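Student: See input13.txt below, with compact mmCIF, C-alpha atoms.
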# COMPACT_ATOMS: atom_id res chain seq x y z
CA ARG A 1 -1.64 -1.80 -20.20
CA PHE A 2 -4.39 -1.80 -22.79
CA ILE A 3 -5.39 -3.49 -26.01
CA VAL A 4 -7.65 -1.13 -27.99
CA VAL A 5 -9.79 -2.40 -30.88
CA GLU A 6 -12.89 -1.42 -32.80
CA GLY A 7 -15.76 -3.87 -32.84
CA LEU A 8 -16.19 -3.00 -36.52
CA TYR A 9 -13.43 -1.00 -38.16
CA LYS A 10 -14.64 2.26 -39.65
CA ASN A 11 -11.98 2.49 -42.35
CA ARG A 12 -12.01 -1.14 -43.45
CA GLY A 13 -15.30 -2.81 -42.48
CA THR A 14 -13.53 -5.70 -40.76
CA VAL A 15 -14.44 -7.41 -37.49
CA PRO A 16 -11.53 -8.34 -35.18
CA PRO A 17 -11.36 -11.88 -33.71
CA LEU A 18 -12.40 -10.78 -30.23
CA ASP A 19 -12.57 -14.34 -28.95
CA GLU A 20 -8.85 -14.75 -29.70
CA ILE A 21 -7.96 -11.26 -28.47
CA VAL A 22 -9.64 -11.95 -25.13
CA LYS A 23 -7.42 -15.03 -24.68
CA VAL A 24 -4.29 -12.96 -25.35
CA LYS A 25 -5.52 -10.25 -22.99
CA ALA A 26 -6.01 -12.74 -20.18
CA GLU A 27 -2.67 -14.48 -20.78
CA TYR A 28 -0.63 -11.27 -20.64
CA CYS A 29 -2.73 -9.37 -18.07
CA TYR A 30 -3.89 -6.56 -20.35
CA ARG A 31 -7.13 -4.63 -20.20
CA LEU A 32 -9.31 -4.59 -23.30
CA ILE A 33 -11.01 -1.46 -24.66
CA VAL A 34 -13.58 -2.09 -27.41
CA ASP A 35 -15.06 0.73 -29.44
CA GLU A 36 -18.52 -0.48 -30.50
CA SER A 37 -19.45 2.70 -32.38
CA PHE A 38 -20.07 0.96 -35.71
CA SER A 39 -20.91 -2.54 -34.46
CA PHE A 40 -23.65 -1.55 -32.01
CA GLY A 41 -27.06 -1.95 -33.61
CA THR A 42 -25.85 -4.36 -36.30
CA LEU A 43 -23.80 -7.18 -34.75
CA GLY A 44 -24.79 -9.77 -32.19
CA PRO A 45 -28.07 -11.60 -31.58
CA ASN A 46 -29.29 -8.64 -29.52
CA GLY A 47 -27.62 -5.93 -31.61
CA LYS A 48 -25.25 -5.02 -28.79
CA GLY A 49 -22.15 -5.19 -30.96
CA ALA A 50 -19.07 -7.32 -31.47
CA LEU A 51 -18.87 -8.56 -27.89
CA ASP A 52 -22.46 -9.76 -28.22
CA HIS A 53 -21.62 -11.41 -31.55
CA PHE A 54 -18.78 -13.44 -29.99
CA GLY A 55 -20.78 -14.30 -26.87
CA LEU A 56 -18.46 -12.27 -24.62
CA THR A 57 -19.38 -10.37 -21.46
CA PRO A 58 -18.83 -6.62 -20.94
CA MET A 59 -16.67 -5.73 -17.92
CA VAL A 60 -15.48 -9.35 -17.75
CA ASP A 61 -14.00 -10.01 -21.18
CA ALA A 62 -13.65 -6.29 -22.00
CA GLU A 63 -13.02 -3.83 -19.21
CA ILE A 64 -14.08 -0.72 -21.14
CA ILE A 65 -16.62 -0.33 -23.94
CA THR A 66 -16.97 2.95 -25.80
CA LEU A 67 -19.82 3.86 -28.13
CA SER A 68 -20.65 6.83 -30.31
CA LEU A 69 -24.32 7.77 -30.33
CA GLU A 70 -24.07 9.23 -33.83
CA ASN A 71 -24.45 6.05 -35.90
CA SER A 72 -27.19 3.48 -35.31
CA ILE A 73 -28.51 5.49 -32.34
CA GLY A 74 -28.99 8.68 -34.37
CA SER A 75 -28.11 11.15 -31.62
CA ILE A 76 -24.97 13.08 -30.62
CA GLY A 77 -22.30 12.31 -28.07
CA GLY A 78 -20.93 9.07 -26.70
CA VAL A 79 -21.04 6.51 -23.92
CA CYS A 80 -18.31 4.76 -21.93
CA VAL A 81 -19.26 1.56 -20.10
CA GLY A 82 -17.04 -0.08 -17.52
CA SER A 83 -16.50 -0.94 -13.88
CA GLU A 84 -17.31 1.49 -11.09
CA GLU A 85 -13.66 2.53 -11.03
CA VAL A 86 -13.69 3.31 -14.76
CA VAL A 87 -17.00 5.15 -14.62
CA ASP A 88 -15.90 7.27 -11.66
CA HIS A 89 -12.72 8.23 -13.51
CA GLN A 90 -14.70 9.22 -16.58
CA ARG A 91 -17.16 11.18 -14.49
CA LEU A 92 -14.40 13.22 -12.85
CA SER A 93 -12.09 13.57 -15.86
CA GLY A 94 -14.48 13.77 -18.81
CA ALA A 95 -14.96 16.98 -20.77
CA GLY A 96 -18.56 17.30 -19.58
CA TYR A 97 -17.43 17.58 -15.96
CA CYS A 98 -14.34 19.73 -16.56
CA PHE A 99 -15.81 22.17 -19.07
CA SER A 100 -19.57 22.02 -18.35
CA ALA A 101 -20.23 20.82 -21.89
CA SER A 102 -22.47 17.86 -21.21
CA ALA A 103 -24.85 16.75 -23.93
CA PRO A 104 -28.28 18.41 -23.78
CA PRO A 105 -30.89 16.23 -22.02
CA PHE A 106 -33.02 15.90 -25.15
CA LEU A 107 -30.10 14.21 -26.98
CA ALA A 108 -29.75 11.71 -24.15
CA SER A 109 -33.52 11.13 -24.28
CA ALA A 110 -33.35 10.59 -28.05
CA ALA A 111 -30.56 8.03 -27.59
CA ILE A 112 -32.54 6.18 -24.90
CA ALA A 113 -35.58 6.10 -27.19
CA SER A 114 -33.50 4.67 -30.05
CA ILE A 115 -32.03 1.96 -27.86
CA GLN A 116 -35.48 1.10 -26.58
CA ARG A 117 -36.77 0.88 -30.14
CA ILE A 118 -34.01 -1.55 -31.12
CA LYS A 119 -34.77 -3.62 -28.02
CA ASN A 120 -38.52 -3.70 -28.65
CA ASN A 121 -38.33 -4.27 -32.41
CA PRO A 122 -35.99 -7.19 -33.16
CA GLU A 123 -37.23 -7.12 -36.75
CA LEU A 124 -35.02 -4.05 -37.27
CA LEU A 125 -31.93 -6.19 -36.64
CA GLU A 126 -33.29 -8.91 -38.91
CA SER A 127 -33.93 -6.32 -41.64
CA VAL A 128 -30.46 -4.76 -41.56
CA ARG A 129 -28.84 -8.21 -41.69
CA ARG A 130 -31.10 -9.33 -44.51
CA ASN A 131 -30.30 -6.19 -46.50
CA ARG A 132 -26.60 -6.59 -45.77
CA ASP A 133 -26.68 -10.15 -47.13
CA ILE A 134 -28.61 -9.02 -50.21
CA MET A 135 -26.02 -6.33 -50.89
CA TYR A 136 -23.10 -8.76 -50.73
CA ARG A 137 -24.91 -11.33 -52.88
CA THR A 138 -25.81 -8.68 -55.43
CA LEU A 139 -22.27 -7.30 -55.62
CA ARG A 140 -20.89 -10.82 -56.12
CA GLY A 141 -23.66 -11.86 -58.53
CA PRO A 142 -24.12 -11.69 -62.31
CA LEU A 143 -25.37 -8.08 -62.17
CA MET A 144 -21.86 -6.88 -61.35
CA LYS A 145 -20.03 -9.14 -63.83
CA GLY A 146 -17.08 -7.33 -65.33
CA VAL A 147 -16.73 -4.97 -62.37
CA VAL A 148 -16.63 -7.11 -59.19
CA PRO A 149 -14.11 -8.56 -58.51
CA SER A 150 -12.16 -7.80 -61.69
CA ARG A 151 -12.11 -3.99 -61.25
CA LEU A 152 -13.49 -3.49 -57.72
CA ASP A 153 -12.85 -5.97 -54.92
CA ILE A 154 -14.92 -6.36 -51.74
CA VAL A 155 -12.57 -6.10 -48.74
CA SER A 156 -15.04 -5.76 -45.86
CA ASP A 157 -16.27 -8.69 -43.78
CA ASP A 158 -19.63 -10.14 -44.72
CA LEU A 159 -20.76 -9.26 -41.18
CA SER A 160 -20.30 -5.56 -41.88
CA SER A 161 -23.16 -3.34 -43.00
CA MET A 162 -20.49 -0.95 -44.26
CA VAL A 163 -19.37 -2.43 -47.58
CA PHE A 164 -15.89 -1.45 -48.76
CA LEU A 165 -14.71 -1.85 -52.34
CA GLU A 166 -11.10 -1.26 -53.33
CA LEU A 167 -9.66 -1.06 -56.81
CA SER A 168 -8.38 -4.31 -58.30
CA GLY A 169 -6.91 -5.33 -61.64
CA ARG A 170 -4.85 -2.80 -63.55
CA GLU A 171 -6.52 0.14 -61.76
CA ALA A 172 -4.98 -1.02 -58.47
CA GLY A 173 -1.53 -0.44 -59.98
CA GLU A 174 -2.17 3.25 -60.59
CA PRO A 175 -0.65 5.91 -58.30
CA VAL A 176 -2.72 6.62 -55.19
CA GLU A 177 -3.71 10.08 -56.46
CA GLU A 178 -5.10 8.55 -59.66
CA GLN A 179 -6.95 5.88 -57.69
CA ILE A 180 -8.57 8.59 -55.56
CA ARG A 181 -9.52 10.55 -58.68
CA MET A 182 -11.22 7.51 -60.24
CA LEU A 183 -13.12 6.62 -57.08
CA ASP A 184 -14.17 10.24 -56.58
CA GLU A 185 -15.53 10.30 -60.13
CA ILE A 186 -17.47 7.08 -59.54
CA ARG A 187 -18.88 8.60 -56.35
CA ASP A 188 -19.95 11.78 -58.15
CA ARG A 189 -21.62 9.90 -61.00
CA CYS A 190 -23.48 7.69 -58.51
CA LEU A 191 -24.69 10.75 -56.60
CA ARG A 192 -26.04 12.33 -59.78
CA ASN A 193 -28.04 9.14 -60.30
CA GLY A 194 -29.55 9.01 -56.83
CA VAL A 195 -27.06 6.79 -54.98
CA ALA A 196 -24.94 8.26 -52.19
CA LEU A 197 -21.70 6.49 -51.32
CA VAL A 198 -18.37 7.61 -49.90
CA SER A 199 -14.96 7.75 -51.54
CA THR A 200 -12.57 7.34 -48.62
CA GLY A 201 -9.23 8.20 -50.22
CA GLY A 202 -9.18 11.94 -49.69
CA HIS A 203 -10.64 12.41 -46.24
CA VAL A 204 -8.34 10.03 -44.37
CA LYS A 205 -5.00 11.30 -45.66
CA GLY A 206 -3.01 13.12 -43.02
CA HIS A 207 -5.20 11.88 -40.17
CA LEU A 208 -3.92 8.31 -39.80
CA HIS A 209 -0.52 6.76 -39.20
CA ASP A 210 -1.49 3.74 -41.29
CA VAL A 211 -3.55 5.07 -44.19
CA PRO A 212 -5.74 2.36 -45.80
CA PRO A 213 -5.95 2.09 -49.59
CA PRO A 214 -8.57 4.30 -51.26
CA ALA A 215 -11.99 2.66 -51.33
CA LEU A 216 -15.69 3.15 -51.92
CA ARG A 217 -17.96 2.71 -48.90
CA LEU A 218 -21.64 1.79 -49.16
CA THR A 219 -23.79 1.57 -46.05
CA VAL A 220 -26.86 -0.63 -45.81
CA SER A 221 -29.64 0.12 -43.31
CA ALA A 222 -32.79 -1.55 -42.04
CA VAL A 223 -35.06 0.68 -44.15
CA HIS A 224 -33.62 -0.30 -47.53
CA ASN A 225 -35.32 -2.90 -49.68
CA GLU A 226 -34.05 -5.32 -52.31
CA GLU A 227 -35.15 -3.14 -55.22
CA GLU A 228 -33.19 -0.17 -53.85
CA ILE A 229 -30.12 -2.33 -53.23
CA ARG A 230 -30.18 -3.70 -56.78
CA LYS A 231 -30.61 -0.18 -58.15
CA ALA A 232 -27.62 1.00 -56.14
CA ALA A 233 -25.53 -1.86 -57.50
CA GLN A 234 -26.60 -1.11 -61.07
CA VAL A 235 -25.81 2.59 -60.71
CA LEU A 236 -22.42 1.69 -59.23
CA LYS A 237 -21.68 -0.66 -62.12
CA ASP A 238 -22.67 1.92 -64.75
CA ALA A 239 -20.48 4.55 -63.09
CA ALA A 240 -17.52 2.16 -62.80
CA VAL A 241 -17.79 1.08 -66.45
CA HIS A 242 -17.89 4.74 -67.52
CA VAL A 243 -14.81 5.66 -65.47
CA PHE A 244 -12.74 2.53 -66.12
CA GLY A 245 -13.82 1.91 -69.71
CA LYS A 246 -14.71 -1.52 -71.01
Would you kindly transcribe this structure into structure tokens?

Tutor:
Amino acid sequence: RFIVVEGLYKNRGTVPPLDEIVKVKAEYCYRLIVDESFSFGTLGPNGKGALDHFGLTPMVDAEIITLSLENSIGSIGGVCVGSEEVVDHQRLSGAGYCFSASAPPFLASAAIASIQRIKNNPELLESVRRNRDIMYRTLRGPLMKGVVPSRLDIVSDDLSSMVFLELSGREAGEPVEEQIRMLDEIRDRCLRNGVALVSTGGHVKGHLHDVPPPALRLTVSAVHNEEEIRKAAQVLKDAAVHVFGK
């Protein structure tokens, strides 16, 4: 029996209470699978993800850890970490063994180099967290008055470098199709002004049993600076005011 969670939820930007989940897992004799695809490289004192953030131990508090290499690592493919029993099962049952479709060696080398860079340059973790905090402060500050939280509400955790904004106020009462249209228009106007963000409403429909409300997703990285973050917020505000009206 398994409990399966994401260390940082892709469609919501929330962090599960892993410390509490581990207690439930132990009490009821479950195994815990944690997908660290979006938490690795951003959470925890060493950037190892949500388990690291909560001070938990892989293969003790969580039996299986999965990780996509396509996010903070910047490669292709994925990793599964677990006990010898788990690893042997993956080795014999994984697609790479069954269909001879293993990742090319240079992609594995690129992933190793990225992990080594994170390990050797702790300032990267400090930078992404600093930029994340600047983004949340800016969105909640006077620059966004009249838009956040009255028309757009931040729903992601402050720990998340993926910032999610959902409609609030009277716009939140519109039909879902109209909400998606408005968010798509905000996205398009932002892109024309040099800011790329994602409108999530359209691309998740039909793929999830529990479809989250439409939202805008902004992602902050270690290479951004405060000027760029403030510009992004200003562009977002201008686009929102244009679409919503004053």

Student: Which residues are close to stretch 2-19 of chain A, i.e. within 7 Å by only C-alpha atoms, leaving aside same-chain residues fewer than 3 positions away? Reply as an MDAnalysis selection string.

Tutor: chainID A and resid 22:23 30:36 38:39 49:50 54 156:157 160 162:164

Student: Show me, as a list in words, the residues that have an atom within 8 Å of stretch 229-232 of chain A when counting all atoms listed in the file, minus same-chain residues fewer than 4 positions from it.

Tutor: Asn131, Ile134, Met135, Thr138, Val195, His224, Asn225 and Leu236 of chain A

Student: Using all atoms listed in the file, what does the table of stretch 56-82 of chain A residues within 8 Å of stretch 107-116 of chain A look like, with each row giving the shortest atom pair and its distance in Å to one decimal, sorted by chain and ascending number, as a tab-separated table?

Tutor:
residue	atom	partner	partner_atom	distance
A:Leu69	CA	A:Ala111	CA	6.8
A:Ile73	CA	A:Ser114	CA	5.6
A:Gly74	CA	A:Ala111	CA	7.0
A:Ser75	CA	A:Ala111	CA	5.7
A:Ile76	CA	A:Leu107	CA	6.4

Student: So what do you get for atom CA of A:Gly169 versus atom CA of A:Leu152, distance-wise?

Tutor: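 Rounded to one decimal, the two atoms are 7.9 Å apart.
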
Student: Which residues come within 9 Å of A:Leu165, counting all atoms listed in the file, excluding same-chain residues fewer than 4 positions away, as an mmCIF file with C-alpha atoms, in the frame of the given file?

Tutor:
data_model
loop_
_atom_site.group_PDB
_atom_site.id
_atom_site.type_symbol
_atom_site.label_atom_id
_atom_site.label_comp_id
_atom_site.auth_asym_id
_atom_site.auth_seq_id
_atom_site.Cartn_x
_atom_site.Cartn_y
_atom_site.Cartn_z
ATOM 1 C CA VAL A 148 -16.630 -7.110 -59.190
ATOM 2 C CA LEU A 152 -13.490 -3.490 -57.720
ATOM 3 C CA ASP A 153 -12.850 -5.970 -54.920
ATOM 4 C CA ILE A 154 -14.920 -6.360 -51.740
ATOM 5 C CA VAL A 155 -12.570 -6.100 -48.740
ATOM 6 C CA SER A 156 -15.040 -5.760 -45.860
ATOM 7 C CA PRO A 214 -8.570 4.300 -51.260
ATOM 8 C CA ALA A 215 -11.990 2.660 -51.330
ATOM 9 C CA LEU A 216 -15.690 3.150 -51.920
ATOM 10 C CA ARG A 217 -17.960 2.710 -48.900
ATOM 11 C CA LEU A 218 -21.640 1.790 -49.160
#

Student: Hey, which of A:Lys25, A:Arg1, A:Arg137, A:Lys48 ends up closest to A:Ala62? Count all atoms listed in the file.

Tutor: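 For A:Ala62, the nearest of the candidates is A:Lys25.
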
Student: So how many Å separate atom CA of A:Gln90 and atom CA of A:Ile65, to one decimal?

Tutor: 12.2 Å

Student: Show which residues sit within 9 Å of A:Asp188, as a list in words. Count only C-alpha atoms, and ignore same-chain residues fewer than 6 positions away.

Tutor: Ala196, Leu197 and Ala239 of chain A

Student: Pick the closest to A:Glu174 from A:Arg132, A:His209, A:Phe244, A:Glu20: which is it, counting only C-alpha atoms?

Tutor: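 The closest residue to A:Glu174 is A:Phe244.
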
Student: For A:Arg181, which of A:Val128, A:Val81, A:Ala26, A:Val243 is the closest residue, counting all atoms listed in the file?

Tutor: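 Of A:Val128, A:Val81, A:Ala26, A:Val243, the one nearest A:Arg181 is A:Val243, counting all atoms listed in the file.
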